[in-house]
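Q: Quick one: structure below, then a few questions.
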Amino acid sequence: MALKHEPTAPYHSAQDALRVLEAVARHTTGVTDAELARETRLGTERLTSLLLMLRREGYVEQVADGAYVTGDALARLSSAHHHEEALREKLQQTLNRLRDSVGAAVYISRYVDGEVKVTQYADSPATPAVNEWVDFRYSAHATAVGKSLLGQLDHNGRRDHLSRHKMARLTSRTITSDKLLLSRLEAQPPTVPVLDLQEYAVGTVCAAVPITAGSSVGCLALSLPLEHAHRLRQAADTLNRNAAPVLLSLAI
């Protein structure tokens, strides 16, 4: 399966954050922000923003003299023995924080072995998750998650998926023409969130942004009840701006 690699802003942020993290890790006794700026060749404003994110995520810590050292979260994720468990916990913390900041249920989804799979999500009584009334594996054509994942595949990968899953009409807004769906996926810019405006379920709107790491296709998504549809685009933009920590966790 070939992928369409068009890196988004969160991808670049995660890559820059990895450079900073690697530089901090090389200095076991601590490193100043001035030294980090020289080593990473990042501008002051950019470096300051990345260090704030890395501190918030627990990947670096600032010690008494102001120098930076690696944090506990990095140590836990770097442990091969407990990596999967630590990664799941870290992603859940990030999802919980995203749920609260965007005011919506949020989801991580991956395209695994030719199928759509929601791997983790964070909801609450005030931000309920989508009722999965049709298995997400069979409704990629109608969901923001599915369309975001399919959009990251090449044309043959999309064709293959649609050949295995009939495009059923789930609501009056569902696209059931593979030609129309393929043309929309082709025209979708990678930096613009994919939307689902009651295509999967009446009364629910969703948005998704890509979080492709290496050869693994993924996306970050949110859902809102229809009465909050006026918040969808702003919430999606917030989700997109804050996707870097998720990508970073997946890359470590």
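By convention in this document, the chains of the structure tokens carry letters A, B, ... by their order, each chain's residues are numbered from 1, and ligands are numbered from 1 in the order they are shown.
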I'd like the neighbourhood of region 90-104 of chain A as a PyMOL selection string, where a residue qualifies if any of its atoms comes within 7 Å (using only C-alpha atoms), though same-chain residues fewer than 4 positions away should be ignored.
A: chain A and resi 86+121-123+127+222-224+235+238-239+246
Q: Could you pull out the residues in region 81-220 of chain A that DSSP calls helix (DSSP H, G or I) from the backbone, as number ranges by chain?
A: A: 83-102, 136-138, 140-142, 144-151, 155-164, 178-187
Q: Show me, as a PyMOL selection string, the residues that have an atom within 6 Å of region 52-69 of chain A when counting only C-alpha atoms, minus same-chain residues fewer than 3 positions from it.
A: chain A and resi 24+30-32+49+73-74
Q: Hey, can you spit out that residue selection with all heavy atoms as a PDB file, in the first residue's frame?
A:
```pdb
ATOM      1  N   VAL A  24      18.452  17.527  23.910  1.00  0.00           N
ATOM      2  CA  VAL A  24      18.407  17.504  25.384  1.00  0.00           C
ATOM      3  C   VAL A  24      18.969  16.185  25.905  1.00  0.00           C
ATOM      4  O   VAL A  24      19.742  16.159  26.866  1.00  0.00           O
ATOM      5  CB  VAL A  24      16.955  17.707  25.892  1.00  0.00           C
ATOM      6  CG1 VAL A  24      16.891  17.507  27.415  1.00  0.00           C
ATOM      7  CG2 VAL A  24      16.444  19.095  25.532  1.00  0.00           C
ATOM      8  N   GLY A  30      22.211  18.427  31.588  1.00  0.00           N
ATOM      9  CA  GLY A  30      21.382  19.592  31.336  1.00  0.00           C
ATOM     10  C   GLY A  30      21.935  20.459  30.219  1.00  0.00           C
ATOM     11  O   GLY A  30      23.139  20.469  29.956  1.00  0.00           O
ATOM     12  N   VAL A  31      21.038  21.195  29.559  1.00  0.00           N
ATOM     13  CA  VAL A  31      21.428  22.055  28.445  1.00  0.00           C
ATOM     14  C   VAL A  31      20.571  23.323  28.480  1.00  0.00           C
ATOM     15  O   VAL A  31      19.374  23.263  28.775  1.00  0.00           O
ATOM     16  CB  VAL A  31      21.269  21.299  27.103  1.00  0.00           C
ATOM     17  CG1 VAL A  31      19.835  20.819  26.895  1.00  0.00           C
ATOM     18  CG2 VAL A  31      21.724  22.152  25.931  1.00  0.00           C
ATOM     19  N   THR A  32      21.157  24.455  28.198  1.00  0.00           N
ATOM     20  CA  THR A  32      20.423  25.723  28.228  1.00  0.00           C
ATOM     21  C   THR A  32      19.676  25.948  26.917  1.00  0.00           C
ATOM     22  O   THR A  32      19.999  25.317  25.895  1.00  0.00           O
ATOM     23  CB  THR A  32      21.377  26.906  28.450  1.00  0.00           C
ATOM     24  OG1 THR A  32      22.229  27.025  27.298  1.00  0.00           O
ATOM     25  CG2 THR A  32      22.221  26.716  29.710  1.00  0.00           C
ATOM     26  N   SER A  49       8.342  27.800  22.046  1.00  0.00           N
ATOM     27  CA  SER A  49       7.045  27.126  21.898  1.00  0.00           C
ATOM     28  C   SER A  49       7.190  25.615  22.030  1.00  0.00           C
ATOM     29  O   SER A  49       6.397  24.954  22.717  1.00  0.00           O
ATOM     30  CB  SER A  49       6.446  27.484  20.535  1.00  0.00           C
ATOM     31  OG  SER A  49       5.288  26.728  20.289  1.00  0.00           O
ATOM     32  N   ALA A  73       8.252  11.204  31.423  1.00  0.00           N
ATOM     33  CA  ALA A  73       7.431  10.648  30.336  1.00  0.00           C
ATOM     34  C   ALA A  73       8.302  10.033  29.248  1.00  0.00           C
ATOM     35  O   ALA A  73       7.968   8.983  28.690  1.00  0.00           O
ATOM     36  CB  ALA A  73       6.537  11.734  29.743  1.00  0.00           C
ATOM     37  N   LEU A  74       9.441  10.663  28.971  1.00  0.00           N
ATOM     38  CA  LEU A  74      10.353  10.120  27.962  1.00  0.00           C
ATOM     39  C   LEU A  74      10.970   8.813  28.449  1.00  0.00           C
ATOM     40  O   LEU A  74      11.085   7.854  27.687  1.00  0.00           O
ATOM     41  CB  LEU A  74      11.459  11.124  27.637  1.00  0.00           C
ATOM     42  CG  LEU A  74      12.476  10.663  26.589  1.00  0.00           C
ATOM     43  CD1 LEU A  74      11.799  10.443  25.243  1.00  0.00           C
ATOM     44  CD2 LEU A  74      13.615  11.666  26.445  1.00  0.00           C
TER      45      LEU A  74
END
```
Q: Give me, as a ChimeraX atom specification, all polymer residues having an atom no more than 9 Å from Leu226 (chain A), counting only C-alpha atoms and skipping those fewer than 2 positions away in the same chain.
A: /A:197-198,202-205,224,228-230
Q: Keeping only C-alpha atoms, write the selected residues to a file as a tab-separated table (two decimals), in the first residue's frame.
A:
```
chain	number	residue	atom	x	y	z
A	197	LEU	CA	-21.95	16.67	8.34
A	198	GLN	CA	-24.54	14.06	9.38
A	202	VAL	CA	-28.31	12.10	11.94
A	203	GLY	CA	-27.69	14.59	14.74
A	204	THR	CA	-23.88	14.26	14.74
A	205	VAL	CA	-21.10	16.21	13.00
A	224	LEU	CA	-20.16	17.10	18.26
A	228	HIS	CA	-22.97	22.49	18.41
A	229	ALA	CA	-22.30	22.33	14.65
A	230	HIS	CA	-21.48	26.05	14.62
```
Q: Run DSSP on the backbone of this structure and report the residues of region 22-125 of chain A it assigns to strand (DSSP E or B), as a list in words.
A: Val31, Val60, Glu61, Gln62, Tyr68, Val69, Thr70, Ala105, Val106, Tyr107, Ile108, Ser109, Arg110, Tyr111, Val112, Glu115, Val116, Lys117, Val118, Thr119, Gln120, Tyr121 and Ala122 of chain A
Q: What's the separation between CA of Leu77 (chain A) and CA of Arg241 (chain A), in Å to one decimal place?
A: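 These two atoms are separated by 23.2 Å.
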Q: Give me, please, the distance in Å between CA of Arg173 (chain A) and CA of Pro210 (chain A), quoted to one decimal.
A: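 Going from CA of Arg173 (chain A) over to CA of Pro210 (chain A) covers 23.1 Å.
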Q: Compile the contact shell of Leu247 (chain A) as a list in words: residues with an atom at most 8 Å away, counting only C-alpha atoms, same-chain residues fewer than 5 positions apart removed.
A: Pro10, Tyr11, Ala14, Ile211, Thr212 and Ala213 of chain A
Q: Taking all heavy atoms for each residue, export the selection above as a CSV table (one decimal), in the first residue's frame.
A:
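The resulting file, selection.csv, is shown below:
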```
chain,number,residue,atom,x,y,z
A,10,PRO,N,1.4,20.0,12.0
A,10,PRO,CA,1.7,19.2,13.2
A,10,PRO,C,2.8,18.3,13.0
A,10,PRO,O,3.6,18.0,13.9
A,10,PRO,CB,0.4,18.5,13.5
A,10,PRO,CG,-0.7,19.4,12.9
A,10,PRO,CD,0.0,20.0,11.7
A,11,TYR,N,2.9,17.7,11.8
A,11,TYR,CA,4.0,16.8,11.5
A,11,TYR,C,5.4,17.5,11.6
A,11,TYR,O,6.3,17.0,12.2
A,11,TYR,CB,3.9,16.2,10.1
A,11,TYR,CG,5.0,15.4,9.6
A,11,TYR,CD1,5.1,14.0,9.9
A,11,TYR,CD2,6.1,15.9,8.9
A,11,TYR,CE1,6.2,13.2,9.5
A,11,TYR,CE2,7.2,15.2,8.4
A,11,TYR,CZ,7.2,13.8,8.7
A,11,TYR,OH,8.3,13.1,8.3
A,14,ALA,N,6.2,18.2,15.3
A,14,ALA,CA,6.6,17.0,15.9
A,14,ALA,C,8.1,16.6,15.6
A,14,ALA,O,8.9,16.2,16.4
A,14,ALA,CB,5.7,15.8,15.6
A,211,ILE,N,-2.7,12.3,11.1
A,211,ILE,CA,-1.5,12.2,12.0
A,211,ILE,C,-0.6,11.0,11.5
A,211,ILE,O,-0.4,10.0,12.2
A,211,ILE,CB,-1.8,12.0,13.5
A,211,ILE,CG1,-2.8,10.9,13.7
A,211,ILE,CG2,-2.3,13.3,14.1
A,211,ILE,CD1,-3.0,10.5,15.2
A,212,THR,N,-0.2,11.1,10.3
A,212,THR,CA,0.6,10.0,9.7
A,212,THR,C,2.0,10.1,10.2
A,212,THR,O,2.7,11.1,10.2
A,212,THR,CB,0.7,10.2,8.2
A,212,THR,OG1,-0.6,10.1,7.6
A,212,THR,CG2,1.5,9.0,7.5
A,213,ALA,N,2.5,8.9,10.8
A,213,ALA,CA,3.8,8.8,11.3
A,213,ALA,C,4.5,7.7,10.6
A,213,ALA,O,4.1,6.5,10.7
A,213,ALA,CB,3.8,8.5,12.8
```
Q: Record the distance separating CA of Ser109 (chain A) and CA of Cys219 (chain A), expressed in Å with one decimal.
A: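 These two atoms are separated by 5.4 Å.
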Q: Which residue, A:Thr143, A:Thr191, A:Asn156, A:Ser216, has the smallest gap to Thr8 (chain A) when you use only C-alpha atoms?
A: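 Among A:Thr143, A:Thr191, A:Asn156, A:Ser216, it is A:Thr191 that comes nearest to Thr8 (chain A).
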Q: Measuring atom to atom with only C-alpha atoms, identify which of A:Thr48, A:Val192, A:Glu115, A:Gly71 is nearest to Gln234 (chain A).
A: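 Ranked by minimum distance to Gln234 (chain A), first place goes to A:Val192.
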